[in-house]
Number of protein chains: 2
Amino acid sequence: MEKILIVEDEKDMVKGLKFNLEARGYFVLAAYDGEKGYRTAIEELPDLVILDLMLPKVNGYEVCKRLKVERPDLPIIMLTAKSQEVEIVTGLELGADDYVTKPFGVLELLARIKAVLRRSKSGTTLPEVCRIGDLEINFRKYSAHRKGKPVVLSPREFEILKYFIEKRGEIVSREDLLNQVWGYDSFPNTRTVDTHIAKLRQKIEDIPDEPKHLITMHGIGYKFLG
Amino acid sequence: MEKILIVEDEKDMVKGLKFNLEARGYFVLAAYDGEKGYRTAIEELPDLVILDLMLPKVNGYEVCKRLKVERPDLPIIMLTAKSQEVEIVTGLELGADDYVTKPFGVLELLARIKAVLRRSKSGTTLPEVCRIGDLEINFRKYSAHRKGKPVVLSPREFEILKYFIEKRGEIVSREDLLNQVWGYDSFPNTRTVDTHIAKLRQKIEDIPDEPKHLITMHGIGYKFLG
DNA sequence: TGCGGATGTTTACAAACTTTTACATTTCTT
DNA sequence: AAGAAATGTAAAAGTTTGTAAACATCCGCA
């Protein structure tokens, strides 16, 4: 279970976020000022920090900057009150992994949390080359082979395959795929996923009609077996 | 972490710049007159100096000239209050690496800082000669060989290749390339990049149609593998 | 000054890739 | 077993990329 630290002085906001995040299965910590936020982040080693820009004692920038020195890999999502401040956070590449402007929708924040967590993990979870049954995938070279013969995958197909391999055995919903492969800021039709799955099956399955790897879970999504 | 020296007498300006630069991970020093600015530049060996033209005691023009004698490689960005003064900075070939006219946007300045720093570093970050697969590139001689045979690259092609080699394995967008290779102040069409990539492939790939080095990332950019 | 060649940029069209659409098929529910 | 919902997939529509060729610019040189 992922541990998320919220650093934010508006108690109602913290309460709301905590409720929502816990409902999704995250373990949530909170700190109400910059100083405590920083200390908690160092001591509790959360997987993600949600950091307000305006904070008592030490402001969000400072906390972000210091944390990035102490724990460069710790993902941080910044909350900014006004859209003007966005320029500062993004343009300046403060080190935050993402930012959300208040007021924001819970779903949006959740999508970003998911995306950021995934990004922060994905770098290390997969080896460079991976053998699965008759498949061999080289993630660095963006190449794949089946029974020793090269399989030409488009970039999107490759990313989808990669995601399935990361989640091998788990059920992956179309929404998951859209969020994780496409990103939370692009919104293609859900059916697009099916089309890509079909094409992937043509390329990586012996008999695309009877897939051994990419299995349909009716009403839920797909899962990858190897 | 890069050290930047700001020489500027308007304290508010210094404060603002310092905040923004530190947020972005630079280590910032400040001096409030020309004399101190010069001394600090010599003593602290910053990676970059941001130098106002109008300064108490010794003006920016003098400081720049003296610094260029003492440390010819030290990059300097000039701040000029009126666009008329630009003529002085450029026309007189003062030695500044770039100039920005007040009032300027923070993002613009940051882009220039990045560009100038990159230019000043690029000479040293890469070894003089570099072997990648069947390629051999000599960055000092501006020459390249493939399978022992000389490959004639135009300057632009060479710079592009160099940039890709610096960013080996990372995805590089067309905008990145335009900013870093062409510079922030020239705006060729994005497709120009594609044209150069095509030409590079003709020269450095065995089978240009199936590139092993310069890989297309559809919808994102390119990446270089070695 | 004007010519010629090399380099750089834009343009235009073909090819590759992605997304949507539409309809057939399968699976689920009752 | 029938209707509703979900999925498979071919084909259309929309984007992005590859690349040749036209056009522009720079620079040396007579």
# chains A, B, ... in the order shown; residues from 1 in each chain; ligands from 1
$ residues_around --residues "DC29 (chain D)" --least-positions-apart "3" --cutoff "12 Å" --atoms "only C-alpha atoms (C1' of nucleotides)" --output "PyMOL selection string"
chain C and resi 1-5
$ write_last_selection --atoms "C-alpha atoms (C1' of nucleotides)" --output "compact mmCIF listing (two decimals), in the first residue's frame"
# COMPACT_ATOMS: atom_id res chain seq x y z
C1' DT C 1 29.83 42.59 -58.13
C1' DG C 2 28.07 38.35 -59.56
C1' DC C 3 28.56 33.39 -60.05
C1' DG C 4 28.64 28.58 -58.19
C1' DG C 5 28.39 25.26 -54.86
$ interface_residues --of "chain A" --to "chain C" --cutoff "10 Å" --atoms "only C-alpha atoms (C1' of nucleotides)" --output "ChimeraX atom specification"
/A:154-156,188-189,191-193,195-196,218-219
$ interface_residues --of "chain B" --to "chain A" --cutoff "9 Å" --atoms "only C-alpha atoms" --output "mmCIF file with N, CA and C atoms, in the first residue's frame"
data_model
loop_
_atom_site.group_PDB
_atom_site.id
_atom_site.type_symbol
_atom_site.label_atom_id
_atom_site.label_comp_id
_atom_site.auth_asym_id
_atom_site.auth_seq_id
_atom_site.Cartn_x
_atom_site.Cartn_y
_atom_site.Cartn_z
ATOM 1 N N ASN B 20 13.879 32.801 -8.124
ATOM 2 C CA ASN B 20 13.543 31.960 -9.269
ATOM 3 C C ASN B 20 14.657 30.999 -9.646
ATOM 4 N N LEU B 21 15.854 31.478 -9.585
ATOM 5 C CA LEU B 21 16.981 30.630 -9.980
ATOM 6 C C LEU B 21 17.218 29.534 -8.951
ATOM 7 N N GLU B 22 17.097 29.899 -7.684
ATOM 8 C CA GLU B 22 17.300 28.887 -6.646
ATOM 9 C C GLU B 22 16.221 27.825 -6.730
ATOM 10 N N ALA B 23 15.012 28.271 -7.041
ATOM 11 C CA ALA B 23 13.908 27.315 -7.152
ATOM 12 C C ALA B 23 14.224 26.295 -8.223
ATOM 13 N N ARG B 24 15.012 26.705 -9.163
ATOM 14 C CA ARG B 24 15.320 25.811 -10.255
ATOM 15 C C ARG B 24 16.600 25.014 -10.020
ATOM 16 N N GLY B 25 17.186 25.231 -8.870
ATOM 17 C CA GLY B 25 18.317 24.388 -8.516
ATOM 18 C C GLY B 25 19.679 25.008 -8.781
ATOM 19 N N VAL B 106 10.670 35.990 -16.894
ATOM 20 C CA VAL B 106 11.577 35.078 -16.198
ATOM 21 C C VAL B 106 11.869 33.854 -17.055
ATOM 22 N N LEU B 107 10.837 33.399 -17.738
ATOM 23 C CA LEU B 107 11.014 32.185 -18.538
ATOM 24 C C LEU B 107 12.017 32.420 -19.651
ATOM 25 N N LEU B 110 15.437 32.358 -18.209
ATOM 26 C CA LEU B 110 15.831 30.990 -17.861
ATOM 27 C C LEU B 110 16.232 30.199 -19.088
ATOM 28 N N GLY B 169 19.819 7.589 -25.313
ATOM 29 C CA GLY B 169 18.816 6.800 -24.607
ATOM 30 C C GLY B 169 17.599 7.606 -24.180
ATOM 31 N N LYS B 212 18.944 1.830 -36.505
ATOM 32 C CA LYS B 212 19.310 1.196 -35.244
ATOM 33 C C LYS B 212 19.704 2.253 -34.214
ATOM 34 N N ILE B 215 16.017 6.497 -33.481
ATOM 35 C CA ILE B 215 14.712 5.855 -33.444
ATOM 36 C C ILE B 215 13.598 6.886 -33.333
ATOM 37 N N THR B 216 12.560 6.711 -34.145
ATOM 38 C CA THR B 216 11.379 7.583 -34.068
ATOM 39 C C THR B 216 10.503 7.189 -32.903
ATOM 40 N N MET B 217 10.112 8.155 -32.109
ATOM 41 C CA MET B 217 9.106 7.928 -31.077
ATOM 42 C C MET B 217 7.858 8.679 -31.516
ATOM 43 N N HIS B 218 6.978 7.978 -32.148
ATOM 44 C CA HIS B 218 5.825 8.618 -32.785
ATOM 45 C C HIS B 218 5.088 9.520 -31.800
ATOM 46 N N GLY B 219 4.847 10.735 -32.227
ATOM 47 C CA GLY B 219 4.100 11.681 -31.408
ATOM 48 C C GLY B 219 4.911 12.321 -30.303
ATOM 49 N N LEU B 225 20.101 5.518 -29.830
ATOM 50 C CA LEU B 225 20.600 4.340 -29.126
ATOM 51 C C LEU B 225 21.986 4.010 -29.654
#
$ interface_residues --of "chain D" --to "chain B" --cutoff "9 Å" --atoms "only C-alpha atoms (C1' of nucleotides)" --output "ChimeraX atom specification"
/D:15-19
$ write_last_selection --atoms "C-alpha atoms (C1' of nucleotides)" --output "compact mmCIF listing (two decimals), in the first residue's frame"
# COMPACT_ATOMS: atom_id res chain seq x y z
C1' DT D 15 -2.39 12.87 -37.42
C1' DT D 16 2.34 12.52 -37.61
C1' DT D 17 6.46 11.30 -39.97
C1' DG D 18 9.68 10.28 -44.17
C1' DT D 19 11.73 12.25 -47.89
$ residues_around --residues "Tyr32 (chain A)" --least-positions-apart "5" --cutoff "9 Å" --atoms "only C-alpha atoms (C1' of nucleotides)" --output "ChimeraX atom specification"
/A:6-11,14,37,55-56
$ write_last_selection --atoms "N, CA and C atoms" --output "PDB file, in the first residue's frame"
ATOM      1  N   ILE A   6       0.377  14.430   2.909  1.00  0.00           N
ATOM      2  CA  ILE A   6      -0.234  15.689   2.497  1.00  0.00           C
ATOM      3  C   ILE A   6       0.331  16.801   3.368  1.00  0.00           C
ATOM      4  N   VAL A   7       0.885  17.823   2.744  1.00  0.00           N
ATOM      5  CA  VAL A   7       1.360  18.974   3.512  1.00  0.00           C
ATOM      6  C   VAL A   7       0.508  20.154   3.104  1.00  0.00           C
ATOM      7  N   GLU A   8      -0.331  20.594   3.997  1.00  0.00           N
ATOM      8  CA  GLU A   8      -1.372  21.572   3.647  1.00  0.00           C
ATOM      9  C   GLU A   8      -1.933  22.130   4.949  1.00  0.00           C
ATOM     10  N   ASP A   9      -2.139  23.445   4.999  1.00  0.00           N
ATOM     11  CA  ASP A   9      -2.607  24.025   6.258  1.00  0.00           C
ATOM     12  C   ASP A   9      -4.124  24.118   6.394  1.00  0.00           C
ATOM     13  N   GLU A  10      -4.840  24.029   5.255  1.00  0.00           N
ATOM     14  CA  GLU A  10      -6.298  24.085   5.385  1.00  0.00           C
ATOM     15  C   GLU A  10      -6.817  22.719   5.826  1.00  0.00           C
ATOM     16  N   LYS A  11      -7.282  22.687   7.055  1.00  0.00           N
ATOM     17  CA  LYS A  11      -7.637  21.382   7.637  1.00  0.00           C
ATOM     18  C   LYS A  11      -8.769  20.685   6.890  1.00  0.00           C
ATOM     19  N   VAL A  14      -7.391  18.943   3.917  1.00  0.00           N
ATOM     20  CA  VAL A  14      -6.688  17.723   4.314  1.00  0.00           C
ATOM     21  C   VAL A  14      -7.681  16.617   4.609  1.00  0.00           C
ATOM     22  N   GLY A  37       6.110  19.290   7.630  1.00  0.00           N
ATOM     23  CA  GLY A  37       6.009  18.558   6.369  1.00  0.00           C
ATOM     24  C   GLY A  37       7.351  17.983   5.973  1.00  0.00           C
ATOM     25  N   LEU A  55       2.301  27.874   2.741  1.00  0.00           N
ATOM     26  CA  LEU A  55       2.305  27.126   3.996  1.00  0.00           C
ATOM     27  C   LEU A  55       2.866  27.988   5.119  1.00  0.00           C
ATOM     28  N   PRO A  56       2.427  27.752   6.322  1.00  0.00           N
ATOM     29  CA  PRO A  56       3.025  28.481   7.450  1.00  0.00           C
ATOM     30  C   PRO A  56       4.467  28.007   7.665  1.00  0.00           C
TER      31      PRO A  56
END
$ atom_distance --atom1 "CA of Val152 (chain B)" --atom2 "CA of Lys167 (chain B)"
22.0 Å
$ residues_around --residues "Ala144 (chain A)" --least-positions-apart "5" --cutoff "10 Å" --atoms "only C-alpha atoms (C1' of nucleotides)" --output "VMD selection string"
chain A and resid 129 to 131 135 to 139 149 to 153 158 204
$ atom_distance --atom1 "CA of Leu161 (chain A)" --atom2 "CA of Leu200 (chain A)"
7.8 Å
$ decode --residues "region 1-37 of chain B" --atoms "N, CA and C atoms" --output "CSV table (one decimal), in the first residue's frame"
chain,number,residue,atom,x,y,z
B,1,MET,N,25.7,21.2,-9.1
B,1,MET,CA,24.8,22.4,-9.2
B,1,MET,C,25.6,23.6,-9.7
B,2,GLU,N,25.0,24.3,-10.7
B,2,GLU,CA,25.7,25.5,-11.3
B,2,GLU,C,25.6,26.7,-10.4
B,3,LYS,N,26.7,27.4,-10.4
B,3,LYS,CA,26.8,28.7,-9.6
B,3,LYS,C,26.6,29.8,-10.6
B,4,ILE,N,25.6,30.7,-10.2
B,4,ILE,CA,25.3,31.9,-11.0
B,4,ILE,C,25.6,33.1,-10.2
B,5,LEU,N,26.3,34.1,-10.8
B,5,LEU,CA,26.5,35.4,-10.1
B,5,LEU,C,25.7,36.4,-10.8
B,6,ILE,N,24.9,37.1,-9.9
B,6,ILE,CA,24.1,38.2,-10.5
B,6,ILE,C,24.7,39.5,-10.0
B,7,VAL,N,25.0,40.4,-11.0
B,7,VAL,CA,25.6,41.7,-10.7
B,7,VAL,C,24.6,42.7,-11.1
B,8,GLU,N,24.0,43.3,-10.1
B,8,GLU,CA,22.8,44.2,-10.4
B,8,GLU,C,22.5,45.0,-9.1
B,9,ASP,N,22.2,46.3,-9.3
B,9,ASP,CA,22.1,47.2,-8.2
B,9,ASP,C,20.6,47.3,-7.7
B,10,GLU,N,19.7,46.9,-8.5
B,10,GLU,CA,18.3,47.0,-8.0
B,10,GLU,C,18.0,45.7,-7.1
B,11,LYS,N,17.9,46.0,-5.9
B,11,LYS,CA,17.8,44.9,-4.9
B,11,LYS,C,16.6,44.0,-5.2
B,12,ASP,N,15.4,44.6,-5.5
B,12,ASP,CA,14.2,43.8,-5.8
B,12,ASP,C,14.4,42.9,-6.9
B,13,MET,N,15.1,43.4,-7.9
B,13,MET,CA,15.4,42.5,-9.1
B,13,MET,C,16.2,41.3,-8.7
B,14,VAL,N,17.3,41.6,-7.9
B,14,VAL,CA,18.1,40.5,-7.4
B,14,VAL,C,17.3,39.5,-6.6
B,15,LYS,N,16.5,40.0,-5.8
B,15,LYS,CA,15.7,39.1,-4.9
B,15,LYS,C,14.9,38.2,-5.8
B,16,GLY,N,14.2,38.8,-6.8
B,16,GLY,CA,13.3,38.0,-7.6
B,16,GLY,C,14.1,37.0,-8.4
B,17,LEU,N,15.2,37.4,-9.0
B,17,LEU,CA,15.9,36.5,-9.8
B,17,LEU,C,16.5,35.4,-9.0
B,18,LYS,N,17.0,35.7,-7.8
B,18,LYS,CA,17.6,34.8,-6.9
B,18,LYS,C,16.6,33.7,-6.5
B,19,PHE,N,15.4,34.2,-6.2
B,19,PHE,CA,14.3,33.2,-5.8
B,19,PHE,C,14.0,32.2,-6.9
B,20,ASN,N,13.9,32.8,-8.1
B,20,ASN,CA,13.5,32.0,-9.3
B,20,ASN,C,14.7,31.0,-9.6
B,21,LEU,N,15.9,31.5,-9.6
B,21,LEU,CA,17.0,30.6,-10.0
B,21,LEU,C,17.2,29.5,-9.0
B,22,GLU,N,17.1,29.9,-7.7
B,22,GLU,CA,17.3,28.9,-6.6
B,22,GLU,C,16.2,27.8,-6.7
B,23,ALA,N,15.0,28.3,-7.0
B,23,ALA,CA,13.9,27.3,-7.2
B,23,ALA,C,14.2,26.3,-8.2
B,24,ARG,N,15.0,26.7,-9.2
B,24,ARG,CA,15.3,25.8,-10.3
B,24,ARG,C,16.6,25.0,-10.0
B,25,GLY,N,17.2,25.2,-8.9
B,25,GLY,CA,18.3,24.4,-8.5
B,25,GLY,C,19.7,25.0,-8.8
B,26,TYR,N,19.7,26.3,-9.1
B,26,TYR,CA,21.0,26.9,-9.2
B,26,TYR,C,21.5,27.5,-7.9
B,27,PHE,N,22.8,27.6,-7.7
B,27,PHE,CA,23.3,28.2,-6.5
B,27,PHE,C,23.6,29.7,-6.9
B,28,VAL,N,23.0,30.6,-6.2
B,28,VAL,CA,23.1,32.0,-6.6
B,28,VAL,C,23.9,32.9,-5.7
B,29,LEU,N,24.8,33.7,-6.3
B,29,LEU,CA,25.5,34.7,-5.6
B,29,LEU,C,25.0,36.1,-6.1
B,30,ALA,N,25.2,37.1,-5.4
B,30,ALA,CA,24.9,38.4,-5.9
B,30,ALA,C,25.9,39.5,-5.5
B,31,ALA,N,26.1,40.5,-6.3
B,31,ALA,CA,26.9,41.6,-6.0
B,31,ALA,C,26.2,42.8,-6.5
B,32,TYR,N,26.3,44.0,-5.8
B,32,TYR,CA,25.5,45.1,-6.1
B,32,TYR,C,26.2,46.3,-6.8
B,33,ASP,N,27.4,46.1,-7.0
B,33,ASP,CA,28.1,47.1,-7.9
B,33,ASP,C,29.2,46.4,-8.7
B,34,GLY,N,29.7,47.2,-9.7
B,34,GLY,CA,30.6,46.6,-10.7
B,34,GLY,C,31.9,46.1,-10.1
B,35,GLU,N,32.4,46.9,-9.1
B,35,GLU,CA,33.6,46.5,-8.5
B,35,GLU,C,33.5,45.2,-7.8
B,36,LYS,N,32.5,45.1,-6.9
B,36,LYS,CA,32.3,43.9,-6.2
B,36,LYS,C,32.0,42.7,-7.1
B,37,GLY,N,31.2,43.0,-8.2
B,37,GLY,CA,30.8,42.0,-9.1
B,37,GLY,C,32.1,41.4,-9.8
